[in-house]
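Remarks on the structure that follows.
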Amino acid sequence: MQYIKPQSIFTILFFTALVFVQCSNTVPSNVAKSVLSTNDSTPKDTMKVIKTEEEWKQQLTPKEYKVLREKATDRPYTGEYESHWDSGIYVCKGCGTELFRSETKFDAGCGWPSFYQGIDSSKITEIVDKSMGMYRVEVLCSKCGGHLGHVFTDGFGTPTGLRYCINSTSLGFKKKE
């Protein structure tokens with residue numbers, strides 16, 4: 001009888017659990033219709049938007065699709081909201097989720113709309129982004145998974161010290177009445 005080292009057993013169990021978790025969280029790629037979470041006890045503003053790539057392509061302009069779904073970036077100083085100072089709320093262009101208040105927008109001089117705080121931390125997902133040879137924190141809409149931009153800790157002079165550097169293409173705007 002062959003002896004198995006405890007470390008090997010741990011490794012096997014760990015990877016088995018990891019595969020199980022990954023498989024239980026995947027959405028079939030053949031989902032044909034847009035689906036909102038159907039758990040009736042979940043507040044509507046926390047329901048996830050799940051769409052096929054074809055549905056996103058039908059809803060979004062080609063540029064919006066590139067930014068929100070393929071993580072492209074606006075060229076600096078070209079976005080609609082970079083020099084926009086009206087009072088209101090900035091929303092996700094993909095699903096309409098309210099993300100940032102105009103009161104938290106500031107001129108960071110970076111060429112993209114910058115905010116020092118989101119409306120609610122549950123509406124924004126932050127993940128590590130090691131693409132392009134850099135270490136950054138990517139910002140996604142928690143509801144639809146749309147790429148918004150990145151958050152940096154160089155928001156000097158702001159109440160939070162943060163700078164949410166967001167693509168104008170990812171945003172819509174609801175003017176304050």
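Starting from 1 in every chain, residues are counted up; chains themselves are A, B, ... following the order of the structure tokens, and ligands are numbered from 1 as listed.
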
Exercise. Which residues come within 6 Å of segment 133-144 of chain A, counting only C-alpha atoms, excluding same-chain residues fewer than 5 positions away, as a list in words?
Worked result: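 Residues near the query, excluding close chain neighbours: Lys48, Val49, Lys123, Ile124, Thr125, Glu126, Ile127, Val128, Gly149, His150 and Val151 of chain A.
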
For this session: Could you give me, as a VMD selection string, the residues within 7 Å of Phe115 of chain A, counting only C-alpha atoms and dropping anything in the same chain fewer than 4 positions from it?
Result: chain A and resid 104 to 106 163 to 165

Keeping N, CA and C atoms, export the residues of the selection given above as a PDB file, in the first residue's frame.
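After the write, again08.pdb holds the following:
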```
ATOM      1  N   THR A 104     -19.180  64.504  -5.950  1.00  0.00           N
ATOM      2  CA  THR A 104     -17.924  63.803  -5.670  1.00  0.00           C
ATOM      3  C   THR A 104     -16.968  63.848  -6.868  1.00  0.00           C
ATOM      4  N   LYS A 105     -17.358  64.540  -7.926  1.00  0.00           N
ATOM      5  CA  LYS A 105     -16.507  64.658  -9.119  1.00  0.00           C
ATOM      6  C   LYS A 105     -15.502  65.779  -8.894  1.00  0.00           C
ATOM      7  N   PHE A 106     -14.272  65.564  -9.343  1.00  0.00           N
ATOM      8  CA  PHE A 106     -13.258  66.609  -9.218  1.00  0.00           C
ATOM      9  C   PHE A 106     -12.338  66.575 -10.437  1.00  0.00           C
ATOM     10  N   ARG A 163      -9.120  58.225  -6.316  1.00  0.00           N
ATOM     11  CA  ARG A 163      -9.471  58.806  -7.617  1.00  0.00           C
ATOM     12  C   ARG A 163     -10.032  57.688  -8.483  1.00  0.00           C
ATOM     13  N   TYR A 164     -11.364  57.676  -8.599  1.00  0.00           N
ATOM     14  CA  TYR A 164     -12.022  56.751  -9.512  1.00  0.00           C
ATOM     15  C   TYR A 164     -11.926  57.384 -10.894  1.00  0.00           C
ATOM     16  N   CYS A 165     -11.087  56.825 -11.730  1.00  0.00           N
ATOM     17  CA  CYS A 165     -10.824  57.332 -13.074  1.00  0.00           C
ATOM     18  C   CYS A 165     -11.724  56.535 -14.024  1.00  0.00           C
TER      19      CYS A 165
END
```
